[in-house]
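Remarks on the structure that follows.
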Amino acid sequence: MKPSTELLKAIRTWYRSDQYRPFKTSELQELPDWGKVDPKELEEALGELENLGEMVFLFARGWFCTSRENWFVGTLSIARRGFGFVRSLVVDPRGDVFIPIRRLRDAHHGDRVLVALESRRKGHQEYGGEGRSGKILEVIERSPRVFPGYYREVHGGGGVVEPARHESVREVWIDPGFRSGVEDGDRVLARLRQGTAVDGLPPGEVLCHWAPEGTWLADLQMVCAEHELREEFPKEVEELAEKFPEQISAEEMAERVDRRDLPFVTIDPIDAKDFDDAICAEALPEGRFRLGVAIADVSHFVSQGDPIDQEALLRGTSVYIPGKTIPMLPERLSNGLCSLRPHEDRLAKVAWMELDAKGQFLDIQLEKAVIRSAHRFTYEEAQSTIDGAAPESVGQDLQEQIILLNQLRQVLLNRRLRQGSLQLDIEEMKLVLDDEGEVIDVISREQLAAHGLVEECMLAANEAVATFASRHELPILRRIHSPPDEAELDKFIKLCRVLVPEATVNSVDDLPQMMGVVADSDVAPVVFFALLRSLNRAEYSPAKEIHFALQKQEYCHFTSPIRRYPDLQVHQTLDRFFLTGSAGPKMSQESVTLHELAETCSTRERAAEAAERDMSRLRAISWLKHRVGERFSGMVTSVRDQGFHVRLDGVLVDGFVHVSKLRDDHYVFSETQFALRGINKGNMIRLGDPVEIELEGVDPLQRDIDLRYLHTRPGARRGRGSGGHAEPRSSRPSKKGRHGSGKSRRSSQKTGGRGRRKDRR
């Protein structure tokens with residue numbers, strides 16, 4: 001729970017006063033103008049101030065106010081030449097603090113450190129700096145980052161890891177118990193540990209041997225280690241999953257509604273193995289619809305607190321990275337008993353929604369059922385059916401079902417747009433891999449009406465279940481998305497006034513209309529990316545709050561319990577309701593537990609997204625390293641004083657052009673114009689410009705792509721693709737990479753990850 005604003009204000013008033021002194025928590029019994037302070041609330045407040053860098057706790061010494069001690073807390077970055085800079089935990093207009101090599105102590109790249117500020121030093125100026133400098137007093141928290149290196153054995157059975165990355169300029173000490181069986185000279189992945197330095201070296205641990213650099217396996221090892229992804233399931237979890245019978249018992253069938261005669265269908269990517277949702281619809285009089293969304297009844301097999309449930313919570317979500325899926329549940333469940341395979345009896349929870357001609361809910365019913373999927377569609381097959389070219393295997397009744405669902409898609413989409421839901425056009429990268437996980441092509445992910453068909457049904461089901469939970473006071477995890485912060489919105493408004501002056505944006509209420517104006521413009525990709533960056537992250541919470549991007553007051557995640565723990569929690573709560581006919585524990589009784597659960601699930605979701613993003617970039621870099629020296633077209637996606645980023649057309653990854661490589665003039669950054677301007681010739685490189693660049697080099701270890709600017713291209717940029725949503729970052733129609741696909745070592749191909757998922761909002 002967050003501490004009260006009033007208590008934070010009282011502590012800040014106190015440490016700025018003459019009464020301030022370093023203290024231990026037990027010594028601070030009361031605050032001026034506040035009185036007695038609850039110890040637990042004080043600990044929470046101090047923890048919040050510590051996260052902001054305003055207070056710091058030193059072992060055996062107590063709490064200190066950093067500003068009163070002329071200290072500074074931040075994250076250390078080490079440059080190639082060995083010196084470092086410490087960046088504040090929050091935005092600081094005074095800039096970073098320079099740390100000379102001799103004053104780094106045992107600090108490592110990425111560590112959170114406490115710095116004693118000093119006067120401006122000559123050494124700082126020699127390295128091009130003009131701001132503050134200091135020395136590191138203490139490492140507060142070691143960096144969790146994983147780094148590659150080489151293990152060297154030394155005396156006493158211990159050893160050191162010599163980092164392979166430039167920012168890890170110092171060796172790391174490895175105690176004998178933390179070498180993980182590696183030998184002298186082995187390539188390894190290592191991580192820092194908390195603890196005191198040994199012979200001036202920070203302590204660390206070897207995680208594993210590291211595969212040859214640049215291979216799919218090496219990238220996979222790096223990403224899994226960095227984001228703490230759990231690949232293997234514990235033995236007891238696998239054994240428990242194997243004990244479930246293949247057939248549904250007669251007793252279980254008798255307790256459920258039999259819906260096996262209804263034409264439920266699944267629509268998924270061609271390489272999907274777990275089918276957790278099936279849909280069917282019926283046209284009713286007066287333009288009304290009846291929509292059924294059947295979701296795999298995972299909670300029938302996974303009870304709260306059992307070994308499978310505990311492991312699922314540790315994972316939080318399935319992770320779909322190029323060439324590999326790391327599931328949340330054992331394969332026996334995710335790809336077997338819980339997967340809604342065609343023509344097989346499966347347990348499900350079904351959300352039934354009666355909708356009027358405008359997509360408004362008229363009635364919501366939930367039930368535990370048995371279904372039998374009538375057909376497994378791929379997105380491409382469903383799209384062909386929508387286009388009137390259904391595969392021969394699809395009968396007339398199923399064709400009519402897909403056509404009806406597509407009509408309902410448009411009704412639901414129109415309702416969302418009327419409500420102000422944000423509809424973004426964001427192009428996504430799709431990696432095409434061979435059987436060994438190596439990239440043979442990088443293209444834009446195709447966006448079909450069939451994607452929207454499933455997605456709109458999932459959105460409706462999630463909203464319906466959240467509404468049902470509110471009516472019955474069920475304590476569930478909800479999916480919330482707060483409106484953008486005022487400062488971020490102001491930045492975005494300024495950008496819009498420069499790039500699209502014809503689009504009026506004065507507040508959040510203007511965003512949907514602005515997007516309609518921008519959608520067909522050349523700068524639409526840049527504006528939409530800027531909007532995404534200005535939005536807050538969606539997260540999980542037990543509180544009923546708005547989902548801003550979707551403009552829904554009632555929303556949760558219900559439709560993917562195979563791959564997301566919050567969905568499983570909702571299903572488990574519904575089970576208690578179906579069993580007892582009551583809400584069970586009230587929200588107030590479970591709020592602390594649910595808050596902790598929400599934070600855990602949000603954290604694991606962010607880790608999974610980062611892992612997917614990092615692996616995609618690493619694999620794209622492995623493909624681009626064979627194309628150094630080639631020319632690409634692209635668009636300027638960000639501009640700052642050091643240079644600008646360009647997103648390569650077709651490849652859809654960003655590279656960087658450093659300002660020092662602009663030889664024709666001396667360029668300065670114009671914050672008001674979002675551009676670099678040549679002070680002699682007046683040339684401009686602006687946000688959104690279409691440019692031609694040359695690929696100068698790639699650095700897989702640093703995940704850097706270095707570009708050389710050639711010229712700004714005349715003429716219009718890419719046109720508009722199909723719409724998507726603010727949070728899912730939807731894709732556009734497919735285009736082949738401008739520069740070919742490279743050589744395939746195998747004839748069979750597979751896509752990176754699972755493809756476009758249905759409801760990531």
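Residues in the structure tokens are named by chain (A, B, ... in the order shown) and by number from 1 within that chain; ligands are numbered from 1 in the order shown.
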
Closest atom pairs, residues of segment 28-94 of chain A within 10 Å of segment 136-152 of chain A, only C-alpha atoms, as a tab-separated table:
residue	atom	partner	partner_atom	distance
A:Val56	CA	A:Ile140	CA	8.6
A:Phe57	CA	A:Ile140	CA	8.7
A:Leu58	CA	A:Ile140	CA	8.4
A:Trp71	CA	A:Leu137	CA	9.0
A:Phe72	CA	A:Ile136	CA	9.3
A:Val73	CA	A:Ile140	CA	8.8
A:Gly74	CA	A:Ile140	CA	9.5
A:Thr75	CA	A:Ser143	CA	8.9
A:Leu76	CA	A:Ser143	CA	9.2
A:Val86	CA	A:Ile136	CA	9.4

Taking only segment 164-373 of chain A into account, list the residues labelled strand (DSSP E or B) by DSSP (computed from the backbone), as a PDB file with N, CA and C atoms, in the first residue's frame.
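Listing of result18.pdb after writing:
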ATOM      1  N   VAL A 172      34.698  -9.733 -11.911  1.00  0.00           N
ATOM      2  CA  VAL A 172      33.761 -10.058 -10.833  1.00  0.00           C
ATOM      3  C   VAL A 172      34.271 -11.298 -10.112  1.00  0.00           C
ATOM      4  N   TRP A 173      34.313 -11.232  -8.785  1.00  0.00           N
ATOM      5  CA  TRP A 173      34.811 -12.347  -7.993  1.00  0.00           C
ATOM      6  C   TRP A 173      33.747 -13.432  -7.875  1.00  0.00           C
ATOM      7  N   ILE A 174      34.189 -14.700  -8.063  1.00  0.00           N
ATOM      8  CA  ILE A 174      33.287 -15.849  -7.960  1.00  0.00           C
ATOM      9  C   ILE A 174      33.800 -16.779  -6.866  1.00  0.00           C
ATOM     10  N   ARG A 187      33.189 -19.977 -21.522  1.00  0.00           N
ATOM     11  CA  ARG A 187      32.303 -18.834 -21.759  1.00  0.00           C
ATOM     12  C   ARG A 187      31.097 -18.989 -20.844  1.00  0.00           C
ATOM     13  N   VAL A 188      30.749 -17.928 -20.104  1.00  0.00           N
ATOM     14  CA  VAL A 188      29.704 -18.052 -19.093  1.00  0.00           C
ATOM     15  C   VAL A 188      28.777 -16.843 -19.121  1.00  0.00           C
ATOM     16  N   LEU A 189      27.624 -17.028 -18.498  1.00  0.00           N
ATOM     17  CA  LEU A 189      26.751 -15.923 -18.142  1.00  0.00           C
ATOM     18  C   LEU A 189      26.826 -15.766 -16.632  1.00  0.00           C
ATOM     19  N   ALA A 190      26.983 -14.542 -16.167  1.00  0.00           N
ATOM     20  CA  ALA A 190      27.150 -14.281 -14.741  1.00  0.00           C
ATOM     21  C   ALA A 190      26.263 -13.136 -14.303  1.00  0.00           C
ATOM     22  N   ARG A 191      26.123 -13.011 -12.982  1.00  0.00           N
ATOM     23  CA  ARG A 191      25.319 -11.946 -12.399  1.00  0.00           C
ATOM     24  C   ARG A 191      25.980 -11.534 -11.086  1.00  0.00           C
ATOM     25  N   LEU A 192      25.844 -10.258 -10.719  1.00  0.00           N
ATOM     26  CA  LEU A 192      26.366  -9.771  -9.449  1.00  0.00           C
ATOM     27  C   LEU A 192      25.523 -10.304  -8.287  1.00  0.00           C
ATOM     28  N   VAL A 198      35.566  -8.491  -2.629  1.00  0.00           N
ATOM     29  CA  VAL A 198      36.683  -9.394  -2.334  1.00  0.00           C
ATOM     30  C   VAL A 198      37.887  -8.911  -3.128  1.00  0.00           C
ATOM     31  N   LEU A 201      36.992  -6.520  -5.708  1.00  0.00           N
ATOM     32  CA  LEU A 201      36.110  -6.956  -6.793  1.00  0.00           C
ATOM     33  C   LEU A 201      34.711  -7.230  -6.248  1.00  0.00           C
ATOM     34  N   PRO A 203      31.255  -9.166  -5.702  1.00  0.00           N
ATOM     35  CA  PRO A 203      30.955 -10.602  -5.747  1.00  0.00           C
ATOM     36  C   PRO A 203      29.904 -10.922  -6.801  1.00  0.00           C
ATOM     37  N   GLY A 204      30.020 -12.104  -7.380  1.00  0.00           N
ATOM     38  CA  GLY A 204      29.054 -12.514  -8.394  1.00  0.00           C
ATOM     39  C   GLY A 204      28.840 -14.007  -8.387  1.00  0.00           C
ATOM     40  N   GLU A 205      28.035 -14.475  -9.326  1.00  0.00           N
ATOM     41  CA  GLU A 205      27.777 -15.905  -9.469  1.00  0.00           C
ATOM     42  C   GLU A 205      27.690 -16.253 -10.941  1.00  0.00           C
ATOM     43  N   VAL A 206      28.172 -17.436 -11.280  1.00  0.00           N
ATOM     44  CA  VAL A 206      28.041 -17.952 -12.644  1.00  0.00           C
ATOM     45  C   VAL A 206      26.686 -18.637 -12.753  1.00  0.00           C
ATOM     46  N   LEU A 207      25.930 -18.273 -13.779  1.00  0.00           N
ATOM     47  CA  LEU A 207      24.602 -18.858 -13.975  1.00  0.00           C
ATOM     48  C   LEU A 207      24.656 -20.121 -14.813  1.00  0.00           C
ATOM     49  N   CYS A 208      25.433 -20.091 -15.907  1.00  0.00           N
ATOM     50  CA  CYS A 208      25.485 -21.237 -16.804  1.00  0.00           C
ATOM     51  C   CYS A 208      26.597 -21.036 -17.829  1.00  0.00           C
ATOM     52  N   HIS A 209      26.909 -22.107 -18.561  1.00  0.00           N
ATOM     53  CA  HIS A 209      27.752 -21.968 -19.737  1.00  0.00           C
ATOM     54  C   HIS A 209      27.003 -21.128 -20.768  1.00  0.00           C
ATOM     55  N   VAL A 257     -23.643 -27.607 -17.953  1.00  0.00           N
ATOM     56  CA  VAL A 257     -24.573 -27.447 -19.073  1.00  0.00           C
ATOM     57  C   VAL A 257     -23.919 -28.041 -20.312  1.00  0.00           C
ATOM     58  N   ASP A 258     -24.665 -28.852 -21.037  1.00  0.00           N
ATOM     59  CA  ASP A 258     -24.130 -29.504 -22.237  1.00  0.00           C
ATOM     60  C   ASP A 258     -24.332 -28.583 -23.442  1.00  0.00           C
ATOM     61  N   VAL A 265     -16.311 -22.300 -32.504  1.00  0.00           N
ATOM     62  CA  VAL A 265     -15.117 -22.437 -33.337  1.00  0.00           C
ATOM     63  C   VAL A 265     -13.956 -21.727 -32.651  1.00  0.00           C
ATOM     64  N   THR A 266     -12.743 -22.208 -32.907  1.00  0.00           N
ATOM     65  CA  THR A 266     -11.539 -21.526 -32.451  1.00  0.00           C
ATOM     66  C   THR A 266     -10.875 -20.870 -33.650  1.00  0.00           C
ATOM     67  N   ILE A 267     -10.249 -19.704 -33.420  1.00  0.00           N
ATOM     68  CA  ILE A 267      -9.524 -18.985 -34.473  1.00  0.00           C
ATOM     69  C   ILE A 267      -8.191 -18.548 -33.877  1.00  0.00           C
ATOM     70  N   ASP A 268      -7.098 -19.095 -34.397  1.00  0.00           N
ATOM     71  CA  ASP A 268      -5.783 -18.885 -33.794  1.00  0.00           C
ATOM     72  C   ASP A 268      -4.711 -18.819 -34.880  1.00  0.00           C
ATOM     73  N   ASP A 277      -9.812 -20.307 -26.190  1.00  0.00           N
ATOM     74  CA  ASP A 277     -11.108 -19.656 -26.370  1.00  0.00           C
ATOM     75  C   ASP A 277     -11.795 -20.164 -27.626  1.00  0.00           C
ATOM     76  N   ALA A 278     -13.113 -20.248 -27.552  1.00  0.00           N
ATOM     77  CA  ALA A 278     -13.947 -20.606 -28.699  1.00  0.00           C
ATOM     78  C   ALA A 278     -15.168 -19.695 -28.680  1.00  0.00           C
ATOM     79  N   ILE A 279     -15.697 -19.399 -29.851  1.00  0.00           N
ATOM     80  CA  ILE A 279     -16.784 -18.430 -29.938  1.00  0.00           C
ATOM     81  C   ILE A 279     -17.897 -18.940 -30.845  1.00  0.00           C
ATOM     82  N   CYS A 280     -19.093 -18.478 -30.568  1.00  0.00           N
ATOM     83  CA  CYS A 280     -20.219 -18.712 -31.462  1.00  0.00           C
ATOM     84  C   CYS A 280     -21.218 -17.579 -31.279  1.00  0.00           C
ATOM     85  N   ALA A 281     -22.028 -17.347 -32.271  1.00  0.00           N
ATOM     86  CA  ALA A 281     -22.995 -16.246 -32.214  1.00  0.00           C
ATOM     87  C   ALA A 281     -24.303 -16.678 -32.857  1.00  0.00           C
ATOM     88  N   GLU A 282     -25.363 -15.976 -32.460  1.00  0.00           N
ATOM     89  CA  GLU A 282     -26.701 -16.221 -33.005  1.00  0.00           C
ATOM     90  C   GLU A 282     -27.363 -14.878 -33.263  1.00  0.00           C
ATOM     91  N   ALA A 283     -27.973 -14.740 -34.448  1.00  0.00           N
ATOM     92  CA  ALA A 283     -28.718 -13.525 -34.771  1.00  0.00           C
ATOM     93  C   ALA A 283     -30.110 -13.613 -34.159  1.00  0.00           C
ATOM     94  N   PHE A 289     -28.025  -9.640 -31.040  1.00  0.00           N
ATOM     95  CA  PHE A 289     -27.123 -10.782 -31.169  1.00  0.00           C
ATOM     96  C   PHE A 289     -27.041 -11.507 -29.836  1.00  0.00           C
ATOM     97  N   ARG A 290     -26.736 -12.786 -29.913  1.00  0.00           N
ATOM     98  CA  ARG A 290     -26.351 -13.551 -28.725  1.00  0.00           C
ATOM     99  C   ARG A 290     -24.955 -14.088 -28.984  1.00  0.00           C
ATOM    100  N   LEU A 291     -24.015 -13.658 -28.171  1.00  0.00           N
ATOM    101  CA  LEU A 291     -22.613 -14.049 -28.331  1.00  0.00           C
ATOM    102  C   LEU A 291     -22.213 -14.961 -27.181  1.00  0.00           C
ATOM    103  N   GLY A 292     -21.591 -16.075 -27.513  1.00  0.00           N
ATOM    104  CA  GLY A 292     -21.054 -16.979 -26.512  1.00  0.00           C
ATOM    105  C   GLY A 292     -19.544 -17.069 -26.638  1.00  0.00           C
ATOM    106  N   VAL A 293     -18.843 -16.805 -25.560  1.00  0.00           N
ATOM    107  CA  VAL A 293     -17.386 -16.934 -25.532  1.00  0.00           C
ATOM    108  C   VAL A 293     -17.055 -18.015 -24.514  1.00  0.00           C
ATOM    109  N   ALA A 294     -16.565 -19.149 -25.013  1.00  0.00           N
ATOM    110  CA  ALA A 294     -16.214 -20.284 -24.162  1.00  0.00           C
ATOM    111  C   ALA A 294     -14.712 -20.269 -23.899  1.00  0.00           C
ATOM    112  N   ILE A 295     -14.350 -20.332 -22.631  1.00  0.00           N
ATOM    113  CA  ILE A 295     -12.948 -20.272 -22.219  1.00  0.00           C
ATOM    114  C   ILE A 295     -12.580 -21.556 -21.494  1.00  0.00           C
ATOM    115  N   ALA A 296     -11.426 -22.102 -21.811  1.00  0.00           N
ATOM    116  CA  ALA A 296     -10.964 -23.338 -21.180  1.00  0.00           C
ATOM    117  C   ALA A 296     -11.064 -23.233 -19.664  1.00  0.00           C
ATOM    118  N   THR A 317       2.813 -15.585 -16.413  1.00  0.00           N
ATOM    119  CA  THR A 317       2.315 -15.544 -17.781  1.00  0.00           C
ATOM    120  C   THR A 317       3.154 -16.474 -18.640  1.00  0.00           C
ATOM    121  N   VAL A 319       5.370 -16.968 -21.985  1.00  0.00           N
ATOM    122  CA  VAL A 319       6.252 -16.052 -22.704  1.00  0.00           C
ATOM    123  C   VAL A 319       6.449 -16.589 -24.110  1.00  0.00           C
ATOM    124  N   TYR A 320       6.163 -15.751 -25.092  1.00  0.00           N
ATOM    125  CA  TYR A 320       6.266 -16.141 -26.493  1.00  0.00           C
ATOM    126  C   TYR A 320       7.429 -15.387 -27.125  1.00  0.00           C
ATOM    127  N   ILE A 321       8.577 -16.030 -27.181  1.00  0.00           N
ATOM    128  CA  ILE A 321       9.749 -15.399 -27.770  1.00  0.00           C
ATOM    129  C   ILE A 321      10.082 -16.118 -29.071  1.00  0.00           C
ATOM    130  N   LYS A 324      10.515 -20.055 -29.490  1.00  0.00           N
ATOM    131  CA  LYS A 324      10.237 -20.823 -28.278  1.00  0.00           C
ATOM    132  C   LYS A 324       9.063 -20.228 -27.513  1.00  0.00           C
ATOM    133  N   THR A 325       8.257 -21.107 -26.951  1.00  0.00           N
ATOM    134  CA  THR A 325       7.216 -20.710 -26.010  1.00  0.00           C
ATOM    135  C   THR A 325       7.574 -21.261 -24.636  1.00  0.00           C
ATOM    136  N   ILE A 326       7.547 -20.402 -23.627  1.00  0.00           N
ATOM    137  CA  ILE A 326       7.756 -20.832 -22.247  1.00  0.00           C
ATOM    138  C   ILE A 326       6.399 -20.742 -21.566  1.00  0.00           C
ATOM    139  N   PRO A 342     -10.505 -29.217 -31.697  1.00  0.00           N
ATOM    140  CA  PRO A 342     -11.727 -29.504 -32.463  1.00  0.00           C
ATOM    141  C   PRO A 342     -12.178 -30.955 -32.282  1.00  0.00           C
ATOM    142  N   ASP A 345     -14.438 -33.335 -26.534  1.00  0.00           N
ATOM    143  CA  ASP A 345     -15.182 -32.773 -25.413  1.00  0.00           C
ATOM    144  C   ASP A 345     -14.220 -32.059 -24.469  1.00  0.00           C
ATOM    145  N   ARG A 346     -14.575 -30.828 -24.096  1.00  0.00           N
ATOM    146  CA  ARG A 346     -13.711 -30.051 -23.226  1.00  0.00           C
ATOM    147  C   ARG A 346     -14.551 -29.267 -22.216  1.00  0.00           C
ATOM    148  N   LEU A 347     -13.993 -29.099 -21.010  1.00  0.00           N
ATOM    149  CA  LEU A 347     -14.636 -28.296 -19.974  1.00  0.00           C
ATOM    150  C   LEU A 347     -14.375 -26.821 -20.247  1.00  0.00           C
ATOM    151  N   ALA A 348     -15.410 -26.003 -20.035  1.00  0.00           N
ATOM    152  CA  ALA A 348     -15.275 -24.568 -20.315  1.00  0.00           C
ATOM    153  C   ALA A 348     -16.177 -23.765 -19.396  1.00  0.00           C
ATOM    154  N   LYS A 349     -15.810 -22.517 -19.233  1.00  0.00           N
ATOM    155  CA  LYS A 349     -16.722 -21.519 -18.678  1.00  0.00           C
ATOM    156  C   LYS A 349     -17.172 -20.665 -19.848  1.00  0.00           C
ATOM    157  N   VAL A 350     -18.468 -20.433 -19.939  1.00  0.00           N
ATOM    158  CA  VAL A 350     -19.016 -19.698 -21.083  1.00  0.00           C
ATOM    159  C   VAL A 350     -19.651 -18.407 -20.596  1.00  0.00           C
ATOM    160  N   ALA A 351     -19.242 -17.316 -21.226  1.00  0.00           N
ATOM    161  CA  ALA A 351     -19.882 -16.020 -20.988  1.00  0.00           C
ATOM    162  C   ALA A 351     -20.872 -15.786 -22.120  1.00  0.00           C
ATOM    163  N   TRP A 352     -22.153 -15.713 -21.766  1.00  0.00           N
ATOM    164  CA  TRP A 352     -23.202 -15.448 -22.754  1.00  0.00           C
ATOM    165  C   TRP A 352     -23.609 -13.982 -22.650  1.00  0.00           C
ATOM    166  N   MET A 353     -23.630 -13.322 -23.778  1.00  0.00           N
ATOM    167  CA  MET A 353     -23.975 -11.904 -23.821  1.00  0.00           C
ATOM    168  C   MET A 353     -25.060 -11.676 -24.862  1.00  0.00           C
ATOM    169  N   GLU A 354     -26.153 -11.068 -24.437  1.00  0.00           N
ATOM    170  CA  GLU A 354     -27.156 -10.616 -25.393  1.00  0.00           C
ATOM    171  C   GLU A 354     -26.898  -9.136 -25.650  1.00  0.00           C
ATOM    172  N   LEU A 355     -26.769  -8.780 -26.927  1.00  0.00           N
ATOM    173  CA  LEU A 355     -26.384  -7.428 -27.327  1.00  0.00           C
ATOM    174  C   LEU A 355     -27.435  -6.837 -28.246  1.00  0.00           C
ATOM    175  N   PHE A 361     -24.828  -4.158 -23.908  1.00  0.00           N
ATOM    176  CA  PHE A 361     -25.231  -5.369 -23.199  1.00  0.00           C
ATOM    177  C   PHE A 361     -26.687  -5.265 -22.752  1.00  0.00           C
ATOM    178  N   LEU A 362     -27.455  -6.281 -23.096  1.00  0.00           N
ATOM    179  CA  LEU A 362     -28.821  -6.408 -22.602  1.00  0.00           C
ATOM    180  C   LEU A 362     -28.907  -7.440 -21.486  1.00  0.00           C
ATOM    181  N   ASP A 363     -28.045  -8.455 -21.560  1.00  0.00           N
ATOM    182  CA  ASP A 363     -28.062  -9.504 -20.546  1.00  0.00           C
ATOM    183  C   ASP A 363     -26.697 -10.184 -20.530  1.00  0.00           C
ATOM    184  N   ILE A 364     -26.264 -10.615 -19.333  1.00  0.00           N
ATOM    185  CA  ILE A 364     -24.996 -11.326 -19.161  1.00  0.00           C
ATOM    186  C   ILE A 364     -25.256 -12.545 -18.291  1.00  0.00           C
ATOM    187  N   GLN A 365     -24.832 -13.717 -18.756  1.00  0.00           N
ATOM    188  CA  GLN A 365     -24.949 -14.949 -17.992  1.00  0.00           C
ATOM    189  C   GLN A 365     -23.633 -15.708 -18.085  1.00  0.00           C
ATOM    190  N   LEU A 366     -23.198 -16.294 -16.965  1.00  0.00           N
ATOM    191  CA  LEU A 366     -22.002 -17.143 -16.952  1.00  0.00           C
ATOM    192  C   LEU A 366     -22.396 -18.551 -16.549  1.00  0.00           C
ATOM    193  N   GLU A 367     -21.741 -19.552 -17.126  1.00  0.00           N
ATOM    194  CA  GLU A 367     -22.062 -20.935 -16.796  1.00  0.00           C
ATOM    195  C   GLU A 367     -20.836 -21.823 -16.970  1.00  0.00           C
ATOM    196  N   LYS A 368     -20.846 -22.944 -16.249  1.00  0.00           N
ATOM    197  CA  LYS A 368     -19.850 -23.994 -16.446  1.00  0.00           C
ATOM    198  C   LYS A 368     -20.461 -24.998 -17.414  1.00  0.00           C
ATOM    199  N   ALA A 369     -19.712 -25.324 -18.458  1.00  0.00           N
ATOM    200  CA  ALA A 369     -20.303 -26.110 -19.534  1.00  0.00           C
ATOM    201  C   ALA A 369     -19.309 -27.139 -20.066  1.00  0.00           C
ATOM    202  N   VAL A 370     -19.837 -27.994 -20.925  1.00  0.00           N
ATOM    203  CA  VAL A 370     -19.017 -28.884 -21.747  1.00  0.00           C
ATOM    204  C   VAL A 370     -19.269 -28.481 -23.195  1.00  0.00           C
ATOM    205  N   ILE A 371     -18.199 -28.247 -23.944  1.00  0.00           N
ATOM    206  CA  ILE A 371     -18.357 -27.875 -25.349  1.00  0.00           C
ATOM    207  C   ILE A 371     -17.547 -28.842 -26.212  1.00  0.00           C
ATOM    208  N   ARG A 372     -17.792 -28.776 -27.500  1.00  0.00           N
ATOM    209  CA  ARG A 372     -17.007 -29.537 -28.481  1.00  0.00           C
ATOM    210  C   ARG A 372     -16.797 -28.616 -29.680  1.00  0.00           C
ATOM    211  N   SER A 373     -15.574 -28.105 -29.811  1.00  0.00           N
ATOM    212  CA  SER A 373     -15.274 -27.179 -30.904  1.00  0.00           C
ATOM    213  C   SER A 373     -15.610 -27.829 -32.240  1.00  0.00           C
TER     214      SER A 373
END

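The closest residue to Gly420 of chain A, picked from A:Val442, A:Leu405, A:Leu550, A:Leu28 and counting only C-alpha atoms, is A:Leu550.
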
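Note that the spacing between atom CA of Arg16 of chain A and atom CA of Ala116 of chain A amounts to 18.7 Å.
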
Inset, instruction - Provide the atom CA of Ala464 of chain A to atom CA of His300 of chain A distance in Å, to one decimal place. - result: 21.1 Å

Legend entry - Per-residue DSSP, segment 137-354 of chain A, filtered to helix (DSSP H, G or I), as number ranges by chain: A: 155-157, 176-178, 216-226, 235-242, 250-254, 285-287, 298-300, 307-315, 331-337

Excluding Arg21 of chain A and residues on its chain fewer than 5 positions from it, collect all residues at most 12 Å away from it, counting only C-alpha atoms, and give them as a PDB file with C-alpha atoms, in the first residue's frame.
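Generated file (selection22.pdb):
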ATOM      1  CA  TRP A  14      10.929  17.743   8.862  1.00  0.00           C
ATOM      2  CA  TYR A  15      14.128  16.825   6.995  1.00  0.00           C
ATOM      3  CA  ARG A  16      14.310  20.323   5.514  1.00  0.00           C
ATOM      4  CA  GLU A  27      14.033   6.916  17.244  1.00  0.00           C
ATOM      5  CA  LEU A  28      11.552   8.929  15.215  1.00  0.00           C
ATOM      6  CA  MET A  55      16.334   9.102   1.810  1.00  0.00           C
ATOM      7  CA  ARG A  61      23.926   3.943  10.920  1.00  0.00           C
ATOM      8  CA  GLY A  62      20.275   4.583  10.145  1.00  0.00           C
ATOM      9  CA  TRP A  63      18.354   6.823   7.770  1.00  0.00           C
ATOM     10  CA  PHE A  64      19.851   9.882   6.072  1.00  0.00           C
ATOM     11  CA  CYS A  65      18.370  12.607   3.898  1.00  0.00           C
ATOM     12  CA  THR A  66      20.576  12.664   0.806  1.00  0.00           C
ATOM     13  CA  ARG A  68      21.098  17.390   3.566  1.00  0.00           C
ATOM     14  CA  GLU A  69      24.283  15.296   3.394  1.00  0.00           C
TER      15      GLU A  69
END

Inset, instruction - Name the closest residue to Gln419 of chain A among the candidates A:Glu392, A:Gln551, A:Leu495, A:Ala543; distances are taken between atoms, counting only C-alpha atoms. - result: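 For Gln419 of chain A, the nearest of the candidates is A:Gln551.
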
Write out, as a Markdown table, each residue of segment 478-537 of chain A that has an atom at most 12 Å from segment 641-656 of chain A, together with the closest pair of atoms and their distance in Å to one decimal, counting only C-alpha atoms, rows going by chain and rising number.
| residue | atom | partner | partner_atom | distance |
| --- | --- | --- | --- | --- |
| A:Pro525 | CA | A:Arg647 | CA | 10.2 |
| A:Val526 | CA | A:Arg647 | CA | 9.9 |
| A:Phe529 | CA | A:Arg647 | CA | 11.4 |

Legend entry - 12 Å contact set for Asn506 of chain A, only C-alpha atoms, chain neighbours under 5 positions out, as a list in words: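 Close residues of Asn506 of chain A: Glu486, Leu489, Asp490, Lys491, Phe492, Ile493, Lys494, Leu495, Cys496, Arg497, Pro501, Leu511, Pro512, Gln513 and Met514 of chain A.
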
Legend entry - One-decimal distance in Å that lies between atom CA of Thr573 of chain A and atom CA of Leu474 of chain A: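 Straight-line distance from atom CA of Leu474 of chain A to atom CA of Thr573 of chain A works out to 7.1 Å.
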
Legend entry - Top pick for closest residue to Ala598 of chain A, considering A:Glu612, A:Glu539, A:Glu502, A:Glu50 and counting only C-alpha atoms: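 Smallest separation from Ala598 of chain A among the options: A:Glu539.
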
Legend entry - Exercise: segment 466-473 of chain A partners within 7 Å, only C-alpha atoms, chain neighbours under 2 positions left out, as JSON, numbers by chain: {"A": [462, 463, 464, 475, 554, 555, 556, 583]}
